[in-house]
Amino acid sequence: MSKTMVAVGTRKGCFLLESDADRRSWSMRGPYCEAWPVYHAVFDQSDGTIYAAAASEWHGSAIWRSADFGETWTHSSEGLAYEDGGKKLSKVSTLSVAHGRVLVGVEAPGIFASGDRGETWSLVTNLEGQPGSELWDDPANQPPGHLGISGITSDPGDANRFWAIVQGVGLFETTDGGTSWTPRNRGLRADWPRPHEEVGFCVHKMVRSSTDGNRMYQQNHVGMHRSDDCGQSWTEITDGLPSEFGFAAAAHPHDRDSFFVIPLDPGHGRTMPEGKAAVWRTRDAGSTWQRSERGLPQHDAHLGVLRQGMAADAYDVPGYYFGTSTGQVFASADDGESWQEIASYLPAISSVDVAIVD
Amino acid sequence: MADLHLPTTLTPLFAGLPRRLDVDAATVDDAISQLDAKWPGVRDRLCEPGPAIRRHIHVYVDRERAQLDTPLDAKSRIDVISAISGG
C-alpha cells in the first residue's frame, strides 16, 4: 500500500510526516539536518530521495540528502560557492529536482546544479546580463531581507527548460539549460516605478499545471495572475479574493482550472485576514473563488504561510498541505473541502512538500 | 602533537569525528586540512571562500584569537568555538 510522506522544512531542522493513502492518521519524525534552519525540503518524485537546502549561522550553507526516508542523512556544499572575491553566497533558498539533476537557487542570485545526487555542485548561471542585473548585488539596492533566487520550476519533459524567480525582479525562463534567459513578466502588475520594461516585478510564487504545461498561476506581491501561454503573458485574476497579497499556492494535479492560494494581509502582518484561517480555491481558472475553511481555526488564528509552504499530492482525490509560521501543518485529503491539523508545535515552517511512495 | 578541541555543533556532521583529537600541524589551516582529509567536507563547515574562518566560528590558539595562518607547535591547544549566533 502506498505511503504518503510530507517533508517539512523549519527554522530548526527538517521533519517528516507519514500516513497511508487515506491521509487521516499521521506520525512524525525529526528534527533532521542537525536542526539547521531548512529553507526548502523537497522529494525527488522519481525515488523518494529527500533534499533539504539549509544554512547554518555557524557552518554555512549545505544541501542535505536522505535516500532512506530520513533514516540517514549526508550533506555537502562542495562547489557550492562563488569564486573568491566575487559575490557571496549567503543562503541556499530553493530546490528543484528533475531529470536526475538537483538545482538550487541561492542568495546572491544564482543557480547551482548537481548531477551526482548532491555530492558536488557547480554554478549554472547568475542570470548575468539581464536588465538591471548589474545592481542586484549592490547592498544599497537590496529589498528587506535578501535578494536571491526564490523559486525554480523544472519542466518534466525537457531538462534544458526551467523557470527561475529573482526576488523583486521577476520570472525568467531558460530553454538552453541556463545559458540564456528570457524575462516572462508581460501583463503583470507593479505598483512602483520600474527602470526596465521587462523586469521589476515582485513574483512570490509560480506553479504550473501538471495536466497542461501552458497553464501557470502566480501569486504576486500585487495580485493573483494566470498565464495560458506558458508564462509569455499574464492576466490578473485577483477579483473575488480577500487580499491581493500572499505567498503560498498549489495547482490541482489533474485539473488545469483548479488552483489554491492562501491570501494574507499585506504590510508587516502578512497573516491570514481577520485571524480566520482559510484557503481559497478556484475551479474555473480564477473567474470565481471559494473560501475553504472547514477544519481551520476561525478566530485568533494569525497564521502566515511562506512561498514554499504549500504542496499538493497526486492522488485521484488530491490532498493539499500547508505549514505555518507558527508551526502547524494542515492537510486536506478531500480536494480542499475540509482540513485537519496533522502537526502542531513545530518551529516556524519554511516549506512543505509531499510524495507518494511505495 | 597539538591538542584540538571541536564544537558540539560540528562533530555530529561527520561520522566518527571526535570532540578532541591530536594533530601534527604547522598552522591552523594545516590542522583543518588534516581534518578535511580524514572527514571530507570539514573545511567547508569551518571556512568560507577567501579562504577565511567563517564569521561565527572562532578559533583560539593557546587562548589567543587565531586565524588560518596562526602557527602551531607541539604543545598548542586549539579551541574551535561556535560563537553565539541567533536564537
# chains A, B, ... in the order shown; residues from 1 in each chain; ligands from 1
$ residues_around --residues "B:His56" --least-positions-apart "2" --cutoff "7 Å" --atoms "only C-alpha atoms" --output "PyMOL selection string"
(chain A and resi 57-58) or (chain B and resi 54+58+82-83+85)
$ interface_residues --of "chain A" --to "chain B" --cutoff "12 Å" --atoms "only C-alpha atoms" --output "ChimeraX atom specification"
/A:11-12,32-37,55-62,64,72-90,119-120,347
$ write_last_selection --atoms "N, CA and C atoms" --output "mmCIF file, in the first residue's frame"
data_model
loop_
_atom_site.group_PDB
_atom_site.id
_atom_site.type_symbol
_atom_site.label_atom_id
_atom_site.label_comp_id
_atom_site.auth_asym_id
_atom_site.auth_seq_id
_atom_site.Cartn_x
_atom_site.Cartn_y
_atom_site.Cartn_z
ATOM 1 N N ARG A 11 12.606 26.271 10.775
ATOM 2 C CA ARG A 11 13.738 27.069 11.258
ATOM 3 C C ARG A 11 14.678 26.242 12.127
ATOM 4 N N LYS A 12 14.226 25.095 12.566
ATOM 5 C CA LYS A 12 15.049 24.212 13.400
ATOM 6 C C LYS A 12 15.035 22.797 12.846
ATOM 7 N N TYR A 32 15.546 16.568 11.694
ATOM 8 C CA TYR A 32 16.714 16.107 10.971
ATOM 9 C C TYR A 32 17.566 17.312 10.556
ATOM 10 N N CYS A 33 18.678 16.999 9.905
ATOM 11 C CA CYS A 33 19.626 18.025 9.453
ATOM 12 C C CYS A 33 20.230 18.777 10.641
ATOM 13 N N GLU A 34 20.392 18.078 11.755
ATOM 14 C CA GLU A 34 21.018 18.658 12.952
ATOM 15 C C GLU A 34 20.363 19.973 13.360
ATOM 16 N N ALA A 35 19.069 20.070 13.049
ATOM 17 C CA ALA A 35 18.275 21.246 13.414
ATOM 18 C C ALA A 35 18.796 22.538 12.783
ATOM 19 N N TRP A 36 19.527 22.410 11.675
ATOM 20 C CA TRP A 36 19.885 23.619 10.911
ATOM 21 C C TRP A 36 18.603 24.269 10.380
ATOM 22 N N PRO A 37 18.607 25.577 10.209
ATOM 23 C CA PRO A 37 17.480 26.205 9.508
ATOM 24 C C PRO A 37 17.349 25.633 8.093
ATOM 25 N N ALA A 55 20.938 26.339 5.863
ATOM 26 C CA ALA A 55 22.035 27.286 6.066
ATOM 27 C C ALA A 55 22.216 27.509 7.559
ATOM 28 N N SER A 56 23.336 27.054 8.060
ATOM 29 C CA SER A 56 23.668 27.229 9.474
ATOM 30 C C SER A 56 24.394 28.549 9.672
ATOM 31 N N GLU A 57 24.020 29.270 10.726
ATOM 32 C CA GLU A 57 24.741 30.508 11.043
ATOM 33 C C GLU A 57 26.221 30.214 11.292
ATOM 34 N N TRP A 58 26.510 29.063 11.845
ATOM 35 C CA TRP A 58 27.889 28.727 12.174
ATOM 36 C C TRP A 58 28.616 28.084 11.007
ATOM 37 N N HIS A 59 27.976 27.112 10.390
ATOM 38 C CA HIS A 59 28.710 26.233 9.472
ATOM 39 C C HIS A 59 28.357 26.443 8.007
ATOM 40 N N GLY A 60 27.611 27.497 7.694
ATOM 41 C CA GLY A 60 27.370 27.835 6.307
ATOM 42 C C GLY A 60 26.243 27.044 5.668
ATOM 43 N N SER A 61 26.171 27.128 4.353
ATOM 44 C CA SER A 61 25.082 26.508 3.601
ATOM 45 C C SER A 61 25.476 25.125 3.105
ATOM 46 N N ALA A 62 24.509 24.243 3.061
ATOM 47 C CA ALA A 62 24.735 22.913 2.508
ATOM 48 C C ALA A 62 23.404 22.336 2.059
ATOM 49 N N TRP A 64 21.378 18.931 2.249
ATOM 50 C CA TRP A 64 21.300 17.642 2.934
ATOM 51 C C TRP A 64 20.507 16.672 2.063
ATOM 52 N N THR A 72 18.916 8.025 7.450
ATOM 53 C CA THR A 72 20.290 8.530 7.452
ATOM 54 C C THR A 72 20.378 9.726 6.513
ATOM 55 N N TRP A 73 21.306 10.611 6.822
ATOM 56 C CA TRP A 73 21.463 11.840 6.046
ATOM 57 C C TRP A 73 22.935 12.081 5.743
ATOM 58 N N THR A 74 23.200 12.669 4.591
ATOM 59 C CA THR A 74 24.518 13.208 4.280
ATOM 60 C C THR A 74 24.330 14.668 3.906
ATOM 61 N N HIS A 75 25.422 15.388 3.852
ATOM 62 C CA HIS A 75 25.310 16.776 3.414
ATOM 63 C C HIS A 75 26.568 17.165 2.651
ATOM 64 N N SER A 76 26.438 18.139 1.775
ATOM 65 C CA SER A 76 27.605 18.609 1.020
ATOM 66 C C SER A 76 27.377 20.035 0.541
ATOM 67 N N SER A 77 28.478 20.771 0.462
ATOM 68 C CA SER A 77 28.458 22.070 -0.205
ATOM 69 C C SER A 77 29.658 22.180 -1.131
ATOM 70 N N GLU A 78 30.230 21.031 -1.524
ATOM 71 C CA GLU A 78 31.405 21.063 -2.389
ATOM 72 C C GLU A 78 31.063 21.707 -3.735
ATOM 73 N N GLY A 79 31.686 22.830 -4.007
ATOM 74 C CA GLY A 79 31.417 23.570 -5.237
ATOM 75 C C GLY A 79 30.295 24.580 -5.108
ATOM 76 N N LEU A 80 29.655 24.603 -3.957
ATOM 77 C CA LEU A 80 28.507 25.493 -3.760
ATOM 78 C C LEU A 80 29.003 26.839 -3.217
ATOM 79 N N ALA A 81 29.726 27.562 -4.064
ATOM 80 C CA ALA A 81 30.282 28.861 -3.668
ATOM 81 C C ALA A 81 30.635 29.633 -4.917
ATOM 82 N N TYR A 82 30.546 30.954 -4.804
ATOM 83 C CA TYR A 82 31.046 31.792 -5.881
ATOM 84 C C TYR A 82 32.565 31.855 -5.803
ATOM 85 N N GLU A 83 33.172 32.245 -6.916
ATOM 86 C CA GLU A 83 34.633 32.323 -6.928
ATOM 87 C C GLU A 83 35.116 33.343 -5.910
ATOM 88 N N ASP A 84 36.329 33.113 -5.406
ATOM 89 C CA ASP A 84 36.914 34.021 -4.423
ATOM 90 C C ASP A 84 36.897 35.447 -4.949
ATOM 91 N N GLY A 85 36.497 36.367 -4.099
ATOM 92 C CA GLY A 85 36.472 37.773 -4.481
ATOM 93 C C GLY A 85 35.221 38.180 -5.226
ATOM 94 N N GLY A 86 34.380 37.231 -5.553
ATOM 95 C CA GLY A 86 33.154 37.546 -6.265
ATOM 96 C C GLY A 86 31.995 37.719 -5.309
ATOM 97 N N LYS A 87 30.832 37.375 -5.779
ATOM 98 C CA LYS A 87 29.645 37.509 -4.943
ATOM 99 C C LYS A 87 29.727 36.540 -3.772
ATOM 100 N N LYS A 88 28.973 36.851 -2.731
ATOM 101 C CA LYS A 88 28.966 35.997 -1.545
ATOM 102 C C LYS A 88 27.686 35.165 -1.536
ATOM 103 N N LEU A 89 27.835 33.886 -1.330
ATOM 104 C CA LEU A 89 26.671 33.014 -1.219
ATOM 105 C C LEU A 89 26.255 32.979 0.255
ATOM 106 N N SER A 90 25.137 33.644 0.543
ATOM 107 C CA SER A 90 24.738 33.782 1.941
ATOM 108 C C SER A 90 23.664 32.784 2.352
ATOM 109 N N GLU A 119 26.261 15.445 -4.265
ATOM 110 C CA GLU A 119 27.614 15.325 -3.697
ATOM 111 C C GLU A 119 28.486 16.503 -4.087
ATOM 112 N N THR A 120 28.401 16.939 -5.347
ATOM 113 C CA THR A 120 29.172 18.102 -5.792
ATOM 114 C C THR A 120 28.259 19.035 -6.582
ATOM 115 N N PRO A 347 8.769 24.178 14.948
ATOM 116 C CA PRO A 347 9.353 25.503 14.725
ATOM 117 C C PRO A 347 8.721 26.150 13.486
#
$ select_by_dssp --residues "chain B" --states "strand (DSSP E)" --output "ChimeraX atom specification"
/B:2-5,20-23,47-48,52-53,57-61,64-65,77-82
$ closest_residue --among "A:Asp158, A:Asp316, A:Asp335, A:Asp137" --to "A:Ala250" --atoms "only C-alpha atoms"
A:Asp335
$ residues_around --residues "A:Lys3" --least-positions-apart "5" --cutoff "9 Å" --atoms "only C-alpha atoms" --output "ChimeraX atom specification"
/A:18-21,23,355-358
$ write_last_selection --atoms "N, CA and C atoms" --output "PDB file, in the first residue's frame"
ATOM      1  N   GLU A  18       4.173  11.091   8.114  1.00  0.00           N
ATOM      2  CA  GLU A  18       3.898   9.891   7.328  1.00  0.00           C
ATOM      3  C   GLU A  18       2.487   9.403   7.573  1.00  0.00           C
ATOM      4  N   SER A  19       1.827   8.988   6.499  1.00  0.00           N
ATOM      5  CA  SER A  19       0.487   8.439   6.597  1.00  0.00           C
ATOM      6  C   SER A  19       0.327   7.400   5.490  1.00  0.00           C
ATOM      7  N   ASP A  20      -0.852   6.799   5.430  1.00  0.00           N
ATOM      8  CA  ASP A  20      -1.146   5.901   4.321  1.00  0.00           C
ATOM      9  C   ASP A  20      -1.893   6.690   3.239  1.00  0.00           C
ATOM     10  N   ALA A  21      -2.506   5.984   2.303  1.00  0.00           N
ATOM     11  CA  ALA A  21      -3.183   6.675   1.214  1.00  0.00           C
ATOM     12  C   ALA A  21      -4.447   7.404   1.677  1.00  0.00           C
ATOM     13  N   ARG A  23      -4.647   9.245   4.357  1.00  0.00           N
ATOM     14  CA  ARG A  23      -4.155  10.553   4.820  1.00  0.00           C
ATOM     15  C   ARG A  23      -4.972  11.117   5.992  1.00  0.00           C
ATOM     16  N   ALA A 355       5.116  13.497  -1.147  1.00  0.00           N
ATOM     17  CA  ALA A 355       5.394  12.448  -2.122  1.00  0.00           C
ATOM     18  C   ALA A 355       4.573  11.211  -1.772  1.00  0.00           C
ATOM     19  N   ILE A 356       4.194  10.480  -2.794  1.00  0.00           N
ATOM     20  CA  ILE A 356       3.548   9.189  -2.610  1.00  0.00           C
ATOM     21  C   ILE A 356       4.609   8.132  -2.903  1.00  0.00           C
ATOM     22  N   VAL A 357       4.882   7.282  -1.905  1.00  0.00           N
ATOM     23  CA  VAL A 357       5.957   6.303  -2.067  1.00  0.00           C
ATOM     24  C   VAL A 357       5.416   4.906  -1.795  1.00  0.00           C
ATOM     25  N   ASP A 358       6.012   3.921  -2.465  1.00  0.00           N
ATOM     26  CA  ASP A 358       5.566   2.531  -2.288  1.00  0.00           C
ATOM     27  C   ASP A 358       6.317   1.861  -1.146  1.00  0.00           C
TER      28      ASP A 358
END
$ select_by_dssp --residues "chain B" --states "alpha helix (DSSP H)" --output "PDB file with N, CA and C atoms, in the first residue's frame"
ATOM      1  N   VAL B  28      46.929  26.645  11.790  1.00  0.00           N
ATOM      2  CA  VAL B  28      45.506  26.316  11.905  1.00  0.00           C
ATOM      3  C   VAL B  28      44.993  25.776  10.580  1.00  0.00           C
ATOM      4  N   ASP B  29      45.394  26.418   9.488  1.00  0.00           N
ATOM      5  CA  ASP B  29      44.963  25.971   8.163  1.00  0.00           C
ATOM      6  C   ASP B  29      45.410  24.531   7.897  1.00  0.00           C
ATOM      7  N   ASP B  30      46.603  24.230   8.291  1.00  0.00           N
ATOM      8  CA  ASP B  30      47.134  22.878   8.117  1.00  0.00           C
ATOM      9  C   ASP B  30      46.325  21.876   8.943  1.00  0.00           C
ATOM     10  N   ALA B  31      45.974  22.273  10.156  1.00  0.00           N
ATOM     11  CA  ALA B  31      45.165  21.381  11.007  1.00  0.00           C
ATOM     12  C   ALA B  31      43.798  21.106  10.375  1.00  0.00           C
ATOM     13  N   ILE B  32      43.197  22.159   9.815  1.00  0.00           N
ATOM     14  CA  ILE B  32      41.888  21.971   9.162  1.00  0.00           C
ATOM     15  C   ILE B  32      42.038  21.074   7.932  1.00  0.00           C
ATOM     16  N   SER B  33      43.136  21.241   7.201  1.00  0.00           N
ATOM     17  CA  SER B  33      43.358  20.382   6.030  1.00  0.00           C
ATOM     18  C   SER B  33      43.465  18.917   6.443  1.00  0.00           C
ATOM     19  N   GLN B  34      44.135  18.684   7.555  1.00  0.00           N
ATOM     20  CA  GLN B  34      44.258  17.306   8.023  1.00  0.00           C
ATOM     21  C   GLN B  34      42.887  16.729   8.399  1.00  0.00           C
ATOM     22  N   LEU B  35      42.080  17.554   9.051  1.00  0.00           N
ATOM     23  CA  LEU B  35      40.725  17.097   9.379  1.00  0.00           C
ATOM     24  C   LEU B  35      39.939  16.805   8.101  1.00  0.00           C
ATOM     25  N   ASP B  36      40.074  17.699   7.126  1.00  0.00           N
ATOM     26  CA  ASP B  36      39.301  17.565   5.887  1.00  0.00           C
ATOM     27  C   ASP B  36      39.724  16.323   5.095  1.00  0.00           C
ATOM     28  N   ALA B  37      41.005  15.961   5.215  1.00  0.00           N
ATOM     29  CA  ALA B  37      41.467  14.761   4.503  1.00  0.00           C
ATOM     30  C   ALA B  37      40.820  13.510   5.080  1.00  0.00           C
ATOM     31  N   LYS B  38      40.595  13.525   6.378  1.00  0.00           N
ATOM     32  CA  LYS B  38      40.022  12.341   7.025  1.00  0.00           C
ATOM     33  C   LYS B  38      38.490  12.396   7.052  1.00  0.00           C
ATOM     34  N   VAL B  42      34.812  18.928   6.152  1.00  0.00           N
ATOM     35  CA  VAL B  42      35.003  19.701   7.384  1.00  0.00           C
ATOM     36  C   VAL B  42      35.431  21.134   7.060  1.00  0.00           C
ATOM     37  N   ARG B  43      36.312  21.273   6.061  1.00  0.00           N
ATOM     38  CA  ARG B  43      36.791  22.631   5.739  1.00  0.00           C
ATOM     39  C   ARG B  43      35.625  23.549   5.378  1.00  0.00           C
ATOM     40  N   ASP B  44      34.676  23.043   4.585  1.00  0.00           N
ATOM     41  CA  ASP B  44      33.541  23.887   4.195  1.00  0.00           C
ATOM     42  C   ASP B  44      32.705  24.324   5.389  1.00  0.00           C
ATOM     43  N   ARG B  45      32.701  23.546   6.435  1.00  0.00           N
ATOM     44  CA  ARG B  45      31.891  23.886   7.610  1.00  0.00           C
ATOM     45  C   ARG B  45      32.598  24.899   8.519  1.00  0.00           C
ATOM     46  N   LEU B  46      33.924  25.007   8.364  1.00  0.00           N
ATOM     47  CA  LEU B  46      34.679  25.927   9.216  1.00  0.00           C
ATOM     48  C   LEU B  46      35.166  27.166   8.471  1.00  0.00           C
TER      49      LEU B  46
END
